[in-house]
file model.pdb (PDB, C-alpha atoms)
ATOM      1  CA  MET A 293     117.393  91.198 109.809
ATOM      2  CA  ILE A 294     117.148  92.565 106.279
ATOM      3  CA  PRO A 295     118.847  95.819 105.279
ATOM      4  CA  VAL A 296     116.167  98.095 103.799
ATOM      5  CA  GLN A 297     116.783 101.338 101.959
ATOM      6  CA  TYR A 298     113.783 103.700 101.683
ATOM      7  CA  ARG A 299     113.772 106.012  98.635
ATOM      8  CA  ASP A 300     111.682 108.806  97.163
ATOM      9  CA  PRO A 301     109.988 107.420  94.010
ATOM     10  CA  GLU A 302     110.448 110.652  92.021
ATOM     11  CA  THR A 303     113.994 111.690  92.893
ATOM     12  CA  GLU A 304     115.597 108.375  93.986
ATOM     13  CA  GLU A 305     116.798 110.239  97.109
ATOM     14  CA  VAL A 306     117.540 107.900 100.010
ATOM     15  CA  LEU A 307     115.133 108.850 102.798
ATOM     16  CA  ASP A 308     116.219 106.319 105.417
ATOM     17  CA  ARG A 309     118.263 103.134 105.860
ATOM     18  CA  ARG A 310     117.738 100.534 108.534
ATOM     19  CA  TYR A 311     117.420  96.857 109.324
ATOM     20  CA  GLU A 312     113.925  95.350 109.418
ATOM     21  CA  GLU A 313     112.643  91.995 110.646
ATOM     22  CA  GLN A 314     110.784  91.581 107.354
ATOM     23  CA  VAL A 315     110.319  93.481 104.110
ATOM     24  CA  PRO A 316     107.556  96.141 104.391
ATOM     25  CA  GLU A 317     104.343  95.339 102.531
ATOM     26  CA  ILE A 318     102.984  97.535  99.725
ATOM     27  CA  GLY A 319     100.500 100.007 101.244
ATOM     28  CA  GLN A 320     102.033  99.687 104.718
ATOM     29  CA  ARG A 321     102.757 102.906 106.604
ATOM     30  CA  VAL A 322     106.218 103.348 108.058
ATOM     31  CA  MET A 323     107.923 106.070 110.068
ATOM     32  CA  LEU A 324     111.035 107.294 108.287
ATOM     33  CA  ASP A 325     113.827 109.069 110.085
ATOM     34  CA  GLY A 326     111.574 109.012 113.159
ATOM     35  CA  VAL A 327     109.573 111.969 111.797
ATOM     36  CA  TRP A 328     107.747 111.259 108.528
ATOM     37  CA  GLU A 329     104.855 108.861 108.158
ATOM     38  CA  CYS A 330     105.169 107.358 104.683
ATOM     39  CA  GLU A 331     103.271 104.802 102.631
ATOM     40  CA  VAL A 332     105.142 102.030 100.829
ATOM     41  CA  LEU A 333     104.437 102.260  97.080
ATOM     42  CA  TYR A 334     106.521  99.380  95.769
ATOM     43  CA  ARG A 335     109.628  97.328  96.484
ATOM     44  CA  TRP A 336     112.625  96.284  94.477
ATOM     45  CA  ARG A 337     114.960  93.567  95.717
ATOM     46  CA  CYS A 338     118.616  93.999  94.855
ATOM     47  CA  HIS A 339     119.345  90.468  96.046
ATOM     48  CA  PRO A 340     117.893  88.167  98.730
ATOM     49  CA  SER A 341     119.616  89.955 101.598
ATOM     50  CA  CYS A 342     118.773  93.558 100.619
ATOM     51  CA  CYS A 343     115.668  95.469  99.592
ATOM     52  CA  VAL A 344     114.964  98.926  98.153
ATOM     53  CA  VAL A 345     111.546 100.314  99.129
ATOM     54  CA  TYR A 346     109.958 103.330  97.440
ATOM     55  CA  ALA A 347     107.711 105.350  99.752
ATOM     56  CA  ARG A 348     105.913 108.697  99.727
ATOM     57  CA  PRO A 349     104.762 110.874 102.630
ATOM     58  CA  VAL A 350     101.172 110.309 103.718
ATOM     59  CA  GLN A 351      99.171 113.225 102.282
ATOM     60  CA  GLY A 352      97.062 113.966 105.388
ATOM     61  CA  ARG A 353     100.140 114.366 107.556
ATOM     62  CA  VAL A 354     101.876 116.680 105.076
ATOM     63  CA  ALA A 355      98.833 118.979 104.828
ATOM     64  CA  ALA A 356      98.433 119.057 108.611
ATOM     65  CA  ALA A 357     102.107 119.948 109.089
ATOM     66  CA  ALA A 358     101.888 122.825 106.600
TER      67      ALA A 358
END
call {"tool": "encode", "arguments": {"input": "model.pdb", "output": "structure tokens"}}
result
Amino acid sequence: MIPVQYRDPETEEVLDRRYEEQVPEIGQRVMLDGVWECEVLYRWRCHPSCCVVYARPVQGRVAAAA
């Protein structure tokens, strides 16, 4: 299991932290905090056993929620 930290690409705010079987792929959609569907924009590895993933909310879901 790899510790993954999901962050907002504009503010660097940590959106979610959890352990994953593998590092999420760029373009993959993930559920953060069990509520938001987000798309992985890019990844940055701190070291081999940790990964920081930048993700943004999927636009269609945000518009539908509003």
call {"tool": "residues_around", "arguments": {"input": "model.pdb", "residues": "A:Glu317", "least_positions_apart": "3", "cutoff": "9 Å", "atoms": "only C-alpha atoms", "output": "PDB file with C-alpha atoms, in the coordinates of the input"}}
result
ATOM      1  CA  GLN A 314     110.784  91.581 107.354  1.00  0.00           C
ATOM      2  CA  GLN A 320     102.033  99.687 104.718  1.00  0.00           C
ATOM      3  CA  ARG A 321     102.757 102.906 106.604  1.00  0.00           C
ATOM      4  CA  VAL A 332     105.142 102.030 100.829  1.00  0.00           C
ATOM      5  CA  LEU A 333     104.437 102.260  97.080  1.00  0.00           C
ATOM      6  CA  TYR A 334     106.521  99.380  95.769  1.00  0.00           C
ATOM      7  CA  ARG A 335     109.628  97.328  96.484  1.00  0.00           C
TER       8      ARG A 335
END
call {"tool": "residues_around", "arguments": {"input": "model.pdb", "residues": "A:Glu302", "least_positions_apart": "2", "cutoff": "12 Å", "atoms": "all atoms listed in the file", "output": "JSON list (two decimals) with C-alpha atoms, in the coordinates of the input"}}
result
[["chain", "number", "residue", "atom", "x", "y", "z"],
["A", 299, "ARG", "CA", 113.77, 106.01, 98.64],
["A", 300, "ASP", "CA", 111.68, 108.81, 97.16],
["A", 304, "GLU", "CA", 115.60, 108.38, 93.99],
["A", 305, "GLU", "CA", 116.80, 110.24, 97.11],
["A", 306, "VAL", "CA", 117.54, 107.90, 100.01],
["A", 307, "LEU", "CA", 115.13, 108.85, 102.80],
["A", 333, "LEU", "CA", 104.44, 102.26, 97.08],
["A", 346, "TYR", "CA", 109.96, 103.33, 97.44],
["A", 347, "ALA", "CA", 107.71, 105.35, 99.75],
["A", 348, "ARG", "CA", 105.91, 108.70, 99.73]]
call {"tool": "atom_distance", "arguments": {"input": "model.pdb", "atom1": "atom CA of A:Gln297", "atom2": "atom CA of A:Cys342"}}
result
8.1 Å
call {"tool": "closest_residue", "arguments": {"input": "model.pdb", "among": "A:Leu324, A:Asp308, A:Cys330, A:Val315", "to": "A:Cys343", "atoms": "all atoms listed in the file"}}
result
A:Val315
call {"tool": "closest_residue", "arguments": {"input": "model.pdb", "among": "A:Gln351, A:Pro295, A:Glu312, A:Pro301", "to": "A:Trp328", "atoms": "only C-alpha atoms"}}
result
A:Gln351
call {"tool": "build_atoms", "arguments": {"input": "model.pdb", "residues": "stretch 303-338 of chain A", "atoms": "N, CA and C atoms", "output": "compact mmCIF listing (two decimals), keeping the file's coordinate frame"}}
result
# COMPACT_ATOMS: atom_id res chain seq x y z
N THR A 303 112.63 111.19 92.96
CA THR A 303 113.99 111.69 92.89
C THR A 303 115.06 110.63 93.14
N GLU A 304 114.66 109.44 93.62
CA GLU A 304 115.60 108.38 93.99
C GLU A 304 116.42 108.73 95.23
N GLU A 305 116.09 109.83 95.89
CA GLU A 305 116.80 110.24 97.11
C GLU A 305 116.57 109.19 98.20
N VAL A 306 117.65 108.85 98.90
CA VAL A 306 117.54 107.90 100.01
C VAL A 306 116.97 108.65 101.20
N LEU A 307 115.81 108.20 101.68
CA LEU A 307 115.13 108.85 102.80
C LEU A 307 115.56 108.28 104.15
N ASP A 308 115.85 106.98 104.16
CA ASP A 308 116.22 106.32 105.42
C ASP A 308 116.83 104.97 105.08
N ARG A 309 117.67 104.47 105.97
CA ARG A 309 118.26 103.13 105.86
C ARG A 309 118.19 102.50 107.23
N ARG A 310 117.76 101.25 107.26
CA ARG A 310 117.74 100.53 108.53
C ARG A 310 117.53 99.05 108.31
N TYR A 311 117.65 98.30 109.37
CA TYR A 311 117.42 96.86 109.32
C TYR A 311 116.01 96.58 109.81
N GLU A 312 115.30 95.71 109.09
CA GLU A 312 113.92 95.35 109.42
C GLU A 312 113.84 93.84 109.61
N GLU A 313 112.89 93.42 110.43
CA GLU A 313 112.64 92.00 110.65
C GLU A 313 112.15 91.35 109.36
N GLN A 314 111.30 92.08 108.62
CA GLN A 314 110.78 91.58 107.35
C GLN A 314 110.60 92.75 106.40
N VAL A 315 110.47 92.44 105.13
CA VAL A 315 110.32 93.48 104.11
C VAL A 315 108.95 94.13 104.27
N PRO A 316 108.85 95.47 104.27
CA PRO A 316 107.56 96.14 104.39
C PRO A 316 106.63 95.78 103.23
N GLU A 317 105.35 95.66 103.53
CA GLU A 317 104.34 95.34 102.53
C GLU A 317 103.94 96.60 101.76
N ILE A 318 103.50 96.43 100.52
CA ILE A 318 102.98 97.54 99.72
C ILE A 318 101.72 98.06 100.40
N GLY A 319 101.64 99.38 100.56
CA GLY A 319 100.50 100.01 101.24
C GLY A 319 100.71 100.20 102.73
N GLN A 320 101.73 99.55 103.29
CA GLN A 320 102.03 99.69 104.72
C GLN A 320 102.55 101.09 105.01
N ARG A 321 102.23 101.60 106.18
CA ARG A 321 102.76 102.91 106.60
C ARG A 321 103.94 102.68 107.53
N VAL A 322 104.99 103.46 107.28
CA VAL A 322 106.22 103.35 108.06
C VAL A 322 106.66 104.74 108.49
N MET A 323 107.34 104.81 109.60
CA MET A 323 107.92 106.07 110.07
C MET A 323 109.36 106.12 109.56
N LEU A 324 109.68 107.14 108.80
CA LEU A 324 111.04 107.29 108.29
C LEU A 324 111.76 108.40 109.03
N ASP A 325 112.98 108.11 109.37
CA ASP A 325 113.83 109.07 110.08
C ASP A 325 113.18 109.52 111.39
N GLY A 326 112.24 108.70 111.90
CA GLY A 326 111.57 109.01 113.16
C GLY A 326 110.62 110.19 113.10
N VAL A 327 110.37 110.75 111.91
CA VAL A 327 109.57 111.97 111.80
C VAL A 327 108.44 111.84 110.78
N TRP A 328 108.72 111.28 109.61
CA TRP A 328 107.75 111.26 108.53
C TRP A 328 106.98 109.96 108.50
N GLU A 329 105.66 110.05 108.39
CA GLU A 329 104.86 108.86 108.16
C GLU A 329 104.72 108.71 106.65
N CYS A 330 105.18 107.59 106.12
CA CYS A 330 105.17 107.36 104.68
C CYS A 330 104.45 106.06 104.35
N GLU A 331 103.95 105.99 103.12
CA GLU A 331 103.27 104.80 102.63
C GLU A 331 104.17 104.11 101.61
N VAL A 332 104.32 102.81 101.75
CA VAL A 332 105.14 102.03 100.83
C VAL A 332 104.40 101.90 99.50
N LEU A 333 105.03 102.33 98.41
CA LEU A 333 104.44 102.26 97.08
C LEU A 333 104.80 100.96 96.37
N TYR A 334 106.07 100.63 96.36
CA TYR A 334 106.52 99.38 95.77
C TYR A 334 107.91 99.05 96.27
N ARG A 335 108.34 97.82 96.00
CA ARG A 335 109.63 97.33 96.48
C ARG A 335 110.43 96.80 95.31
N TRP A 336 111.73 96.84 95.47
CA TRP A 336 112.62 96.28 94.48
C TRP A 336 113.77 95.60 95.21
N ARG A 337 113.91 94.31 95.02
CA ARG A 337 114.96 93.57 95.72
C ARG A 337 116.25 93.57 94.90
N CYS A 338 117.31 94.03 95.51
CA CYS A 338 118.62 94.00 94.86
C CYS A 338 119.10 92.55 94.79
